[in-house]
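Okay, structure first, notes after.
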Amino acid sequence: MQLRIEVFCVEQNCVYQDCDNKDQDAWHLLLWDNGQLAGCLRILDKEKKFPEISIGRVITAREYRGRGLGKLCMEKAVHFIKTTLGEERIRISAQKYAKGFYESVGFVQDSGEYLEDGIIHIEMVHP
């Protein structure tokens, strides 16, 4: 939660309700480096946000950016969802500026632009 608030609320200067009562039933992928949280994301089951299973709250800590760790986390999450959970289709709500990042792990845009928490987003799917 601390890393999410540091990035989404403070760094991006965005006031939004991060504590949404979805974390308790989510899978969390945490990337640690010598006791420091370098990155994380969460996976929500079907119908928690979208009809499909979804990935969200994808973050790499500032000091770890540019090393490919975000991509590694996403690849691990997609692999977990497809092999362990047996799901084929994954949907995300992506900040528009990160579209290329998500495309690099196989996601494709599946909606027009919309405003969420004051930031332009798009929906993307991993078919």
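Quick note on naming: the chains in the structure tokens go A, B, ... in the order shown, residues restart at 1 in each chain, and ligands are numbered from 1 in order of appearance.
The residue set within 12 Å of Asp33 of chain A, counting only C-alpha atoms and dropping same-chain residues fewer than 4 places from it, reads Leu37, Ala38, Gly39, Cys40, Thr60, Ala61, Glu63, Tyr64 and Leu69 of chain A.
Residues within 8 Å of segment 96-110 of chain A, counting only C-alpha atoms and excluding same-chain residues fewer than 2 positions away, are Lys71, Met74, Glu75, Ala94, Gly112, Glu113, Ile120, His121, Ile122, Glu123, Met124, Val125, His126 and Pro127 of chain A.
Taking only segment 76-126 of chain A, the residues that DSSP calls helix (DSSP H, G or I) from the backbone come to Lys76, Ala77, Val78, His79, Phe80, Ile81, Lys82, Thr83, Thr84, Lys96, Tyr97, Ala98, Lys99, Gly100, Phe101, Tyr102 and Glu103 of chain A.
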Residues from last step as file, N, CA and C atoms, as a short mmCIF file (atom, residue, chain, number, x, y, z; two decimals), in the first residue's frame:
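Listed below is the output, out.cif:
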```cif
data_model
loop_
_atom_site.label_atom_id
_atom_site.label_comp_id
_atom_site.auth_asym_id
_atom_site.auth_seq_id
_atom_site.Cartn_x
_atom_site.Cartn_y
_atom_site.Cartn_z
N LYS A 76 5.07 -12.53 -15.65
CA LYS A 76 4.81 -13.52 -14.60
C LYS A 76 3.32 -13.59 -14.28
N ALA A 77 2.66 -12.44 -14.21
CA ALA A 77 1.23 -12.41 -13.91
C ALA A 77 0.42 -13.08 -15.02
N VAL A 78 0.73 -12.77 -16.28
CA VAL A 78 0.03 -13.39 -17.40
C VAL A 78 0.23 -14.90 -17.38
N HIS A 79 1.47 -15.33 -17.13
CA HIS A 79 1.77 -16.77 -17.07
C HIS A 79 0.97 -17.44 -15.95
N PHE A 80 0.92 -16.83 -14.77
CA PHE A 80 0.17 -17.36 -13.63
C PHE A 80 -1.32 -17.49 -13.97
N ILE A 81 -1.86 -16.45 -14.57
CA ILE A 81 -3.29 -16.45 -14.90
C ILE A 81 -3.61 -17.54 -15.92
N LYS A 82 -2.78 -17.68 -16.92
CA LYS A 82 -3.07 -18.63 -18.00
C LYS A 82 -2.77 -20.07 -17.61
N THR A 83 -1.70 -20.29 -16.85
CA THR A 83 -1.33 -21.67 -16.52
C THR A 83 -1.91 -22.15 -15.19
N THR A 84 -1.81 -21.37 -14.15
CA THR A 84 -2.29 -21.80 -12.83
C THR A 84 -3.80 -21.62 -12.69
N LYS A 96 -3.24 5.73 -20.38
CA LYS A 96 -2.96 5.81 -21.81
C LYS A 96 -1.47 5.92 -22.12
N TYR A 97 -0.74 6.66 -21.31
CA TYR A 97 0.69 6.84 -21.59
C TYR A 97 1.44 5.52 -21.55
N ALA A 98 0.89 4.50 -20.87
CA ALA A 98 1.57 3.21 -20.72
C ALA A 98 1.12 2.19 -21.77
N LYS A 99 0.38 2.62 -22.77
CA LYS A 99 -0.14 1.71 -23.79
C LYS A 99 0.98 0.87 -24.42
N GLY A 100 2.07 1.48 -24.82
CA GLY A 100 3.18 0.76 -25.44
C GLY A 100 3.78 -0.29 -24.53
N PHE A 101 3.86 0.02 -23.24
CA PHE A 101 4.36 -0.94 -22.27
C PHE A 101 3.50 -2.19 -22.24
N TYR A 102 2.18 -2.00 -22.16
CA TYR A 102 1.28 -3.14 -22.10
C TYR A 102 1.24 -3.89 -23.43
N GLU A 103 1.38 -3.18 -24.54
CA GLU A 103 1.46 -3.85 -25.83
C GLU A 103 2.69 -4.76 -25.89
#
```
